[in-house]
$ cat protein_3.cif   # mmCIF, C-alpha atoms and all ligand atoms
data_final
#
loop_
_atom_site.label_atom_id
_atom_site.label_comp_id
_atom_site.auth_asym_id
_atom_site.auth_seq_id
_atom_site.Cartn_x
_atom_site.Cartn_y
_atom_site.Cartn_z
CA MET A 228 121.82 -107.82 210.51
CA SER A 229 121.33 -109.46 207.15
CA ARG A 230 123.01 -106.77 205.09
CA PHE A 231 125.77 -106.29 207.55
CA ARG A 232 129.11 -105.76 205.86
CA LYS A 233 132.08 -105.97 208.11
CA SER A 234 135.03 -103.67 207.50
CA VAL A 235 138.18 -105.15 206.01
CA VAL A 236 140.05 -103.52 208.87
CA PRO A 237 140.63 -106.21 211.47
CA ALA A 238 139.85 -105.63 215.12
CA PRO A 239 142.18 -103.09 216.68
CA VAL A 240 143.47 -105.64 219.07
CA THR A 241 143.59 -109.31 218.31
CA GLU A 242 144.96 -112.13 220.32
CA VAL A 243 146.40 -113.77 217.30
CA THR A 244 147.27 -117.03 218.92
CA SER A 245 143.70 -117.66 219.97
CA ALA A 246 142.30 -117.03 216.49
CA PRO A 247 140.41 -119.95 214.99
CA ALA A 248 142.56 -122.26 212.95
CA ALA A 249 142.36 -121.54 209.24
CA THR A 250 142.51 -124.25 206.66
CA GLY A 251 144.61 -122.28 204.19
CA VAL A 252 145.50 -118.83 203.01
CA GLU A 253 142.59 -117.24 201.21
CA PRO A 254 143.67 -114.82 198.48
CA ASP A 255 142.87 -111.29 199.62
CA ALA A 256 143.88 -108.22 197.61
CA GLN A 257 144.20 -106.11 200.77
CA LEU A 258 146.81 -108.38 202.29
CA ALA A 259 150.50 -108.22 201.52
CA VAL A 260 151.38 -111.03 203.91
CA SER A 261 149.34 -113.92 205.31
CA VAL A 262 150.97 -116.33 207.70
CA ARG A 263 148.99 -119.37 208.82
CA GLU A 264 149.91 -122.14 211.26
CA LEU A 265 153.57 -121.51 210.65
CA ASN A 266 156.06 -123.71 212.50
CA HIS A 267 159.80 -123.78 212.03
CA PHE A 268 162.59 -126.06 213.23
CA TYR A 269 166.36 -125.82 213.22
CA GLY A 270 168.74 -128.78 213.33
CA GLN A 271 168.37 -132.45 212.59
CA GLY A 272 167.65 -135.60 214.57
CA GLU A 273 168.16 -135.21 218.30
CA LEU A 274 169.30 -131.63 217.85
CA ARG A 275 166.10 -130.67 216.07
CA LYS A 276 164.56 -127.75 217.89
CA GLN A 277 161.30 -125.96 217.23
CA VAL A 278 161.70 -122.16 217.15
CA LEU A 279 158.38 -120.98 215.66
CA PHE A 280 155.06 -122.27 216.97
CA ASP A 281 151.78 -122.06 215.12
CA ASN A 282 152.08 -118.44 214.01
CA ARG A 283 149.32 -116.50 212.36
CA LEU A 284 149.72 -112.96 211.04
CA ASP A 285 148.12 -110.75 208.39
CA LEU A 286 149.79 -107.59 207.13
CA LEU A 287 147.79 -105.11 205.08
CA ARG A 288 149.19 -103.30 202.06
CA GLY A 289 150.75 -100.01 203.04
CA GLU A 290 151.00 -100.90 206.71
CA ILE A 291 154.05 -100.24 208.89
CA VAL A 292 154.29 -103.06 211.40
CA VAL A 293 156.91 -103.28 214.10
CA MET A 294 157.86 -106.62 215.60
CA THR A 295 159.43 -106.65 219.04
CA GLY A 296 160.39 -109.49 221.35
CA PRO A 297 163.27 -110.86 223.41
CA SER A 298 166.49 -112.08 221.84
CA GLY A 299 166.11 -115.59 220.46
CA SER A 300 162.32 -115.40 220.28
CA GLY A 301 162.27 -116.08 216.53
CA LYS A 302 161.85 -112.64 214.93
CA THR A 303 164.62 -112.96 212.37
CA THR A 304 163.52 -116.50 211.56
CA LEU A 305 159.99 -115.29 210.79
CA LEU A 306 161.30 -112.34 208.75
CA THR A 307 163.54 -114.55 206.62
CA LEU A 308 160.68 -117.00 206.02
CA ILE A 309 158.39 -114.16 204.87
CA GLY A 310 161.14 -112.92 202.53
CA ALA A 311 161.64 -116.45 201.11
CA LEU A 312 165.25 -116.47 202.28
CA ARG A 313 164.35 -119.67 204.13
CA THR A 314 162.12 -122.50 202.98
CA VAL A 315 158.73 -122.98 204.60
CA GLN A 316 158.78 -126.30 206.46
CA ASP A 317 155.33 -126.38 207.95
CA GLY A 318 152.36 -124.07 207.49
CA GLN A 319 151.28 -121.60 204.84
CA LEU A 320 152.79 -118.34 203.79
CA ARG A 321 151.23 -116.09 201.17
CA VAL A 322 153.25 -112.97 200.36
CA LEU A 323 152.56 -110.41 197.60
CA ASP A 324 149.99 -112.76 196.08
CA GLN A 325 152.35 -115.73 195.95
CA ASP A 326 152.05 -118.96 197.93
CA LEU A 327 155.68 -119.31 198.93
CA HIS A 328 155.50 -123.03 199.67
CA ARG A 329 154.48 -123.63 196.06
CA LEU A 330 157.08 -121.52 194.20
CA SER A 331 159.79 -123.01 192.00
CA ALA A 332 163.42 -121.91 192.45
CA ALA A 333 163.16 -119.52 189.49
CA ASP A 334 159.93 -118.01 190.81
CA LEU A 335 161.55 -117.54 194.21
CA VAL A 336 164.34 -115.47 192.64
CA ARG A 337 161.75 -113.28 190.91
CA PHE A 338 159.76 -113.04 194.13
CA ARG A 339 162.78 -111.83 196.14
CA GLN A 340 163.30 -108.99 193.69
CA ARG A 341 159.94 -107.58 194.80
CA VAL A 342 161.06 -107.47 198.42
CA GLY A 343 163.40 -104.85 199.91
CA PHE A 344 165.65 -106.41 202.55
CA ILE A 345 167.37 -104.35 205.20
CA PHE A 346 169.40 -106.64 207.42
CA GLN A 347 172.01 -105.99 210.06
CA THR A 348 174.76 -107.25 207.78
CA HIS A 349 174.27 -105.03 204.79
CA ASN A 350 176.38 -106.86 202.20
CA LEU A 351 177.40 -103.85 200.14
CA PHE A 352 179.98 -104.35 197.40
CA ASP A 353 183.24 -102.88 198.66
CA SER A 354 184.53 -102.04 195.20
CA LEU A 355 181.42 -100.07 194.22
CA THR A 356 180.45 -96.54 195.24
CA ALA A 357 177.31 -95.79 197.24
CA ARG A 358 175.54 -94.78 194.03
CA GLN A 359 176.67 -97.93 192.18
CA ASN A 360 175.63 -100.17 195.07
CA VAL A 361 172.10 -98.78 194.99
CA ARG A 362 172.07 -98.78 191.20
CA MET A 363 172.74 -102.56 191.32
CA ALA A 364 169.22 -103.13 192.64
CA LEU A 365 167.85 -101.40 189.57
CA GLU A 366 169.86 -103.13 186.86
CA LEU A 367 167.06 -105.48 185.93
CA GLY A 368 164.07 -103.25 186.32
CA ALA A 369 165.13 -99.89 184.86
CA PRO A 370 166.14 -99.67 181.23
CA ASP A 371 166.34 -95.86 181.30
CA ALA A 372 169.78 -95.14 182.80
CA HIS A 373 169.13 -91.44 183.34
CA GLN A 374 165.88 -92.09 185.20
CA ALA A 375 167.55 -94.78 187.29
CA ASN A 376 170.42 -92.48 188.27
CA THR A 377 168.00 -89.70 189.21
CA ARG A 378 166.09 -92.07 191.47
CA VAL A 379 169.23 -93.43 193.10
CA ASP A 380 170.60 -89.93 193.79
CA ALA A 381 167.24 -88.75 195.17
CA LEU A 382 167.03 -91.71 197.55
CA LEU A 383 170.58 -91.30 198.81
CA THR A 384 170.10 -87.54 199.18
CA GLU A 385 166.91 -88.03 201.16
CA LEU A 386 168.86 -90.27 203.51
CA GLY A 387 171.44 -87.54 204.03
CA LEU A 388 174.10 -89.02 201.72
CA GLY A 389 173.91 -86.52 198.85
CA HIS A 390 177.53 -85.59 199.54
CA ARG A 391 178.70 -89.21 199.63
CA LEU A 392 177.37 -90.53 196.31
CA GLY A 393 180.80 -91.42 194.96
CA TYR A 394 182.21 -92.90 198.20
CA LYS A 395 182.90 -96.60 198.62
CA PRO A 396 181.72 -98.53 201.73
CA GLY A 397 185.24 -98.44 203.22
CA GLN A 398 185.11 -94.63 203.22
CA LEU A 399 181.72 -94.49 204.93
CA SER A 400 180.76 -94.82 208.59
CA VAL A 401 178.70 -97.79 209.81
CA GLY A 402 175.58 -95.61 209.88
CA GLN A 403 176.22 -94.28 206.38
CA ARG A 404 176.70 -97.81 205.04
CA GLN A 405 173.44 -98.80 206.65
CA ARG A 406 171.69 -95.94 204.88
CA VAL A 407 173.13 -97.02 201.52
CA ALA A 408 171.68 -100.47 202.21
CA ILE A 409 168.32 -98.89 202.97
CA ALA A 410 168.37 -96.89 199.73
CA ARG A 411 169.21 -100.10 197.89
CA ALA A 412 166.28 -101.92 199.51
CA LEU A 413 163.87 -99.20 198.39
CA ALA A 414 165.29 -98.56 194.92
CA ASN A 415 163.20 -101.10 193.06
CA PHE A 416 159.79 -99.96 194.41
CA PRO A 417 159.32 -103.12 196.51
CA GLY A 418 155.85 -104.25 197.52
CA LEU A 419 157.26 -105.34 200.86
CA VAL A 420 160.18 -104.13 202.95
CA LEU A 421 161.62 -106.45 205.59
CA ALA A 422 163.96 -104.73 208.01
CA ASP A 423 165.89 -106.19 210.95
CA GLU A 424 166.99 -103.44 213.37
CA PRO A 425 167.46 -100.95 210.51
CA THR A 426 168.11 -97.95 212.73
CA ALA A 427 170.34 -99.57 215.37
CA ALA A 428 173.54 -98.03 213.97
CA LEU A 429 172.06 -94.63 213.21
CA ASP A 430 172.20 -91.33 215.07
CA LYS A 431 168.98 -89.52 215.97
CA GLN A 432 168.61 -87.49 212.78
CA SER A 433 169.50 -90.36 210.41
CA GLY A 434 167.09 -92.66 212.23
CA ARG A 435 164.35 -90.10 211.74
CA ASP A 436 165.25 -89.66 208.04
CA VAL A 437 165.01 -93.41 207.52
CA MET A 438 161.62 -93.63 209.22
CA ASN A 439 160.29 -90.64 207.26
CA LEU A 440 161.33 -92.27 204.03
CA LEU A 441 159.79 -95.61 205.01
CA GLN A 442 156.56 -93.87 206.02
CA ARG A 443 156.38 -91.99 202.73
CA THR A 444 157.11 -95.17 200.80
CA ALA A 445 154.34 -96.99 202.65
CA LEU A 446 151.89 -94.17 202.00
CA GLU A 447 152.72 -93.36 198.38
CA GLN A 448 153.50 -96.82 197.05
CA GLN A 449 151.32 -98.90 199.38
CA THR A 450 154.47 -100.74 200.37
CA THR A 451 154.11 -102.89 203.47
CA VAL A 452 156.97 -102.46 205.92
CA LEU A 453 157.78 -105.04 208.59
CA ILE A 454 160.49 -103.89 210.99
CA VAL A 455 162.10 -105.81 213.83
CA THR A 456 163.26 -103.26 216.36
CA HIS A 457 163.18 -101.93 219.90
CA ASP A 458 163.96 -98.38 218.79
CA SER A 459 161.29 -96.03 220.14
CA ARG A 460 161.67 -93.72 217.11
CA VAL A 461 160.45 -96.62 215.00
CA LEU A 462 157.66 -97.55 217.42
CA ASP A 463 156.28 -94.03 216.98
CA ALA A 464 155.90 -94.59 213.24
CA ALA A 465 154.20 -97.97 213.56
CA ASP A 466 150.62 -98.65 212.56
CA ARG A 467 150.83 -101.89 214.49
CA ILE A 468 153.09 -103.52 217.01
CA VAL A 469 153.45 -107.28 217.04
CA ASN A 470 155.09 -108.98 219.97
CA MET A 471 156.91 -112.31 219.62
CA VAL A 472 157.78 -114.42 222.65
CA ASP A 473 159.24 -117.95 222.59
CA GLY A 474 158.48 -118.45 218.91
CA GLN A 475 154.92 -117.24 219.07
CA ILE A 476 153.21 -113.96 218.26
CA ILE A 477 151.40 -113.20 221.49
CA SER A 478 149.92 -109.81 220.75
CA ASP A 479 149.13 -107.65 217.78
CA VAL A 480 148.11 -104.08 218.57
CA ARG A 481 146.86 -101.65 215.97
CA VAL A 482 148.26 -98.51 217.58
CA LYS A 483 147.24 -95.76 215.19
CA GLU A 484 143.71 -97.05 214.87
CA ALA A 485 143.33 -97.25 218.65
CA ALA A 486 144.75 -93.72 218.99
CA LEU A 487 142.26 -92.39 216.43
CA VAL A 488 139.34 -94.14 218.11
CA CYS A 489 140.48 -92.78 221.45
CA ALA A 490 140.68 -89.21 220.12
CA PHE A 491 137.21 -89.51 218.62
CA LEU A 492 135.57 -90.98 221.73
CA ARG A 493 137.15 -88.37 223.98
CA ASN A 494 135.18 -85.74 222.06
CA CYS A 495 131.86 -87.54 222.57
CA PRO A 496 130.10 -86.23 225.71
CA LEU A 497 129.24 -89.78 226.74
CA PHE A 498 132.89 -90.81 226.97
CA ALA A 499 134.35 -87.49 228.09
CA SER A 500 134.18 -88.43 231.76
CA LEU A 501 136.08 -91.70 231.44
CA THR A 502 139.61 -91.88 232.78
CA PRO A 503 142.30 -92.04 230.06
CA GLY A 504 142.98 -95.65 231.04
CA THR A 505 139.36 -96.78 230.64
CA LEU A 506 139.04 -94.78 227.44
CA SER A 507 142.05 -96.39 225.86
CA SER A 508 140.89 -99.84 226.89
CA VAL A 509 137.53 -99.08 225.23
CA ALA A 510 139.35 -97.82 222.13
CA ASP A 511 141.38 -101.03 222.06
CA LYS A 512 138.27 -103.20 222.21
CA VAL A 513 136.04 -101.50 219.64
CA GLN A 514 135.52 -103.01 216.24
CA ILE A 515 135.28 -100.73 213.24
CA GLU A 516 132.32 -101.51 211.00
CA ARG A 517 131.44 -99.92 207.69
CA HIS A 518 127.87 -100.24 206.50
CA PRO A 519 126.54 -99.16 203.09
CA ALA A 520 123.48 -96.88 202.90
CA GLY A 521 120.23 -98.70 203.60
CA SER A 522 121.58 -101.46 205.82
CA VAL A 523 119.84 -102.54 208.97
CA VAL A 524 122.36 -102.45 211.79
CA VAL A 525 120.03 -103.54 214.59
CA ARG A 526 116.54 -104.95 214.16
CA GLN A 527 113.69 -104.48 216.62
CA GLY A 528 113.00 -107.74 218.44
CA ASP A 529 116.49 -109.18 217.96
CA PRO A 530 118.63 -109.89 221.01
CA GLY A 531 121.22 -107.18 221.74
CA ASP A 532 124.86 -108.09 221.41
CA LYS A 533 126.63 -104.79 220.74
CA PHE A 534 126.66 -101.12 221.57
CA TYR A 535 127.41 -98.66 218.73
CA VAL A 536 128.95 -95.22 218.48
CA ILE A 537 128.56 -93.44 215.14
CA LYS A 538 131.82 -92.21 213.71
CA SER A 539 130.34 -90.92 210.47
CA GLY A 540 127.07 -91.08 208.53
CA THR A 541 123.42 -90.76 209.54
CA LEU A 542 121.05 -93.49 210.66
CA GLU A 543 117.28 -93.57 210.94
CA VAL A 544 115.48 -95.05 213.91
CA LEU A 545 112.23 -96.94 213.29
CA ILE A 546 110.00 -97.98 216.16
CA GLU A 547 107.21 -100.46 215.54
CA GLU A 548 104.23 -100.20 217.89
CA GLU A 549 100.91 -102.01 217.45
CA GLY A 550 101.59 -102.68 213.78
CA GLU A 551 102.56 -99.07 213.02
CA VAL A 552 106.09 -97.92 212.33
CA ARG A 553 107.00 -94.49 213.59
CA PRO A 554 110.34 -92.78 213.04
CA GLY A 555 112.49 -91.73 216.00
CA LYS A 556 115.06 -88.94 215.93
CA PRO A 557 117.79 -89.70 213.35
CA LEU A 558 121.27 -90.25 214.72
CA GLY A 559 124.57 -88.78 213.51
CA SER A 560 128.28 -88.58 214.21
CA GLY A 561 129.21 -88.83 217.91
CA GLU A 562 125.80 -90.27 218.89
CA PHE A 563 125.24 -93.84 219.95
CA PHE A 564 122.62 -96.58 220.01
CA GLY A 565 122.09 -100.16 221.04
CA GLU A 566 122.53 -99.58 224.78
CA ILE A 567 118.97 -100.32 225.98
CA ALA A 568 118.90 -104.02 225.11
CA LEU A 569 122.31 -104.45 226.71
CA MET A 570 121.28 -102.67 229.89
CA THR A 571 117.90 -104.36 230.28
CA GLY A 572 118.77 -107.77 228.82
CA GLU A 573 115.64 -107.53 226.64
CA THR A 574 115.41 -107.49 222.86
CA ARG A 575 116.09 -104.47 220.63
CA THR A 576 113.43 -101.78 221.06
CA ALA A 577 113.89 -100.21 217.62
CA THR A 578 115.32 -100.88 214.20
CA VAL A 579 118.29 -98.71 213.23
CA ARG A 580 119.09 -98.38 209.53
CA THR A 581 121.82 -96.40 207.76
CA GLN A 582 120.60 -93.50 205.61
CA THR A 583 124.06 -92.85 204.23
CA GLU A 584 127.14 -94.98 204.25
CA ALA A 585 128.19 -95.15 207.88
CA GLU A 586 131.24 -95.93 209.89
CA LEU A 587 130.48 -97.31 213.33
CA TYR A 588 132.48 -98.28 216.37
CA SER A 589 130.95 -101.29 218.06
CA LEU A 590 131.61 -102.60 221.51
CA GLY A 591 130.64 -106.14 222.55
CA LYS A 592 128.18 -106.72 225.37
CA ASP A 593 130.74 -107.83 227.98
CA GLU A 594 133.08 -104.96 227.28
CA PHE A 595 130.19 -102.49 227.41
CA GLN A 596 129.23 -103.92 230.80
CA ARG A 597 132.79 -103.52 232.04
CA VAL A 598 132.77 -99.83 231.10
CA LEU A 599 129.42 -99.35 232.83
CA ASP A 600 130.78 -100.99 235.97
CA SER A 601 133.94 -98.93 235.92
CA SER A 602 132.37 -95.51 235.78
CA ASP A 603 129.30 -94.16 237.54
CA SER A 604 129.47 -90.97 235.50
CA PHE A 605 129.40 -92.98 232.26
CA GLU A 606 126.25 -94.76 233.37
CA ALA A 607 124.66 -91.50 234.55
CA GLU A 608 125.44 -89.78 231.24
CA LEU A 609 124.09 -92.73 229.31
CA ARG A 610 120.82 -92.77 231.28
CA LYS A 611 120.39 -89.03 230.78
CA VAL A 612 120.74 -89.25 227.01
CA VAL A 613 118.48 -92.29 226.84
CA PHE A 614 115.88 -90.47 228.95
CA ASP A 615 116.05 -87.34 226.74
CA ARG A 616 115.49 -89.48 223.69
CA GLN A 617 112.18 -90.97 224.90
N1 LIG B 701 170.74 -121.04 211.71
C1 LIG B 701 170.34 -121.46 212.90
N2 LIG B 701 170.58 -122.72 213.31
C2 LIG B 701 170.16 -123.17 214.51
N3 LIG B 701 169.46 -122.42 215.39
C3 LIG B 701 169.20 -121.15 215.04
C4 LIG B 701 169.62 -120.60 213.78
N4 LIG B 701 169.20 -119.32 213.71
C5 LIG B 701 168.57 -119.09 214.87
N5 LIG B 701 168.56 -120.16 215.66
C6 LIG B 701 167.90 -120.28 216.99
O1 LIG B 701 166.50 -120.07 216.78
C7 LIG B 701 165.95 -119.26 217.81
C8 LIG B 701 165.33 -118.00 217.18
O2 LIG B 701 166.38 -117.20 216.62
P1 LIG B 701 166.13 -115.84 215.88
O3 LIG B 701 167.44 -115.41 215.34
O4 LIG B 701 165.01 -115.99 214.92
O5 LIG B 701 165.68 -114.91 217.10
P2 LIG B 701 165.54 -113.32 217.18
O6 LIG B 701 164.23 -113.06 217.85
O7 LIG B 701 165.77 -112.73 215.85
O8 LIG B 701 166.72 -112.92 218.18
P3 LIG B 701 167.61 -111.55 218.24
O9 LIG B 701 166.70 -110.49 218.87
O10 LIG B 701 168.73 -111.91 219.15
O11 LIG B 701 168.03 -111.19 216.85
C9 LIG B 701 167.08 -119.00 218.78
O12 LIG B 701 166.98 -119.95 219.80
C10 LIG B 701 168.33 -119.21 217.96
O13 LIG B 701 169.38 -119.64 218.77
MG MG B 702 167.23 -111.38 215.11
#
$ encode --input "protein_3.cif" --output "structure tokens"
Amino acid sequence: MSRFRKSVVPAPVTEVTSAPAATGVEPDAQLAVSVRELNHFYGQGELRKQVLFDNRLDLLRGEIVVMTGPSGSGKTTLLTLIGALRTVQDGQLRVLDQDLHRLSAADLVRFRQRVGFIFQTHNLFDSLTARQNVRMALELGAPDAHQANTRVDALLTELGLGHRLGYKPGQLSVGQRQRVAIARALANFPGLVLADEPTAALDKQSGRDVMNLLQRTALEQQTTVLIVTHDSRVLDAADRIVNMVDGQIISDVRVKEAALVCAFLRNCPLFASLTPGTLSSVADKVQIERHPAGSVVVRQGDPGDKFYVIKSGTLEVLIEEEGEVRPGKPLGSGEFFGEIALMTGETRTATVRTQTEAELYSLGKDEFQRVLDSSDSFEAELRKVVFDRQ
């Protein structure tokens, strides 16, 4: 395992609250947001009340993350802390490569310009047209007026407001005003978009337009989007869903990743017989590992701790017997290894080494055992393949 390189992609499902306490926020280029041990209180003296409790959260660049949770659970409070609209009282918050608790007032102003805010109260200027309201966000960053106007018009048109460019907020419906606010939040190519119920006032088509635009922004500009919502149209677009209850993030599910893993496993003969429920619980539990060519994934004689399914790449199998090393059949996409030591409780019976760069799904020992226990056909299929391999 010495050359083992773990993927930067975190586990598909993490119980965030049980994660080990970190001593600070390590700079990481992949992360747009890092929240560590974050607490927050409202009020003074006897009225002081804690509303956020020891929160930990990492958001990757380009990720769309939806936060759900009951009313009063602290979602807006967390969002406004991440956007530096509130001061960090206790804990660490690193956003777009800035430690928020260390920024001066002037730096905070500059920081906020890199964030697109979409809040329920949209604060448009009543005396300005839709186009001028969005253009306001660009005043500082875009010296070329023609380019700026083209961008503003394109954004508003994409949100279905091409015919309302010259209208003032008073002449627009609630949903149209909300879309102007969304265009304004995206105008300056923000690294992070923070949205609180952005689609609540929108009809079906407008809600879909907004989500399409946010998805494209995330994909093309690697913008991270954090959305508080219960809207199922938004849930469908999420890469992850984070659930907040009583001031604490209690679950963090990487939906797309789990769905991809599930689709892949379903096509592997070994997993084909599992019920959809078992399959999705397996998909939720697997870790994604990426190993460069030439790395030893399991070593003969080591204790077994994981079972592996190969997503991509080829691996060679080396079996040492009486001082001689003989090669076994190489393994490729859809095949698996590591099961024998887990089933027998003995040490690894072969060394498995990547021949090319490989992407592997690994399942811990306990989880593997649970799957074995849950399905006779899984165990039968496993034994058959293992037998054929001998
Ligand atoms: N400015 C404030 N002063 C005092 N208490 C506040 C303030 N803002 C929020 N709270 C309280 O903090 C807790 C968390 O509120 P927050 O607005 O973050 O929840 P939320 O999850 O966004 O709720 P909702 O879904 O209703 O928007 C609630 O108990 C709320 O009453
Ligand atoms: Mg709220």
$ residues_near_ligand --input "protein_3.cif" --ligand "ligand MG 702 (chain B)" --cutoff "8 Å" --atoms "only C-alpha atoms and all ligand atoms" --output "ChimeraX atom specification"
/A:298-299,301-304,423,455
$ residues_near_ligand --input "protein_3.cif" --ligand "ligand LIG 701 (chain B)" --cutoff "12 Å" --atoms "all atoms listed in the file" --output "NGL selection string"
:A and (266-271 or 274-280 or 294-308 or 312-313 or 346-348 or 422-424 or 427 or 454-457 or 470-476)
$ residues_around --input "protein_3.cif" --residues "Gln449 (chain A)" --least-positions-apart "3" --cutoff "8 Å" --atoms "all atoms listed in the file" --output "PyMOL selection string"
chain A and resi 288-290+418+444-446
$ closest_residue --input "protein_3.cif" --among "A:Arg610, A:Lys431, A:Arg263, A:Lys483" --to "Asp285 (chain A)" --atoms "all atoms listed in the file"
A:Arg263
$ atom_distance --input "protein_3.cif" --atom1 "CA of Glu543 (chain A)" --atom2 "CA of Pro557 (chain A)"
4.6 Å
$ atom_distance --input "protein_3.cif" --atom1 "CA of Val262 (chain A)" --atom2 "CA of Leu330 (chain A)"
15.7 Å
$ closest_residue --input "protein_3.cif" --among "A:Met570, A:Leu386, A:Val536, A:Leu462" --to "Phe498 (chain A)" --atoms "only C-alpha atoms"
A:Val536
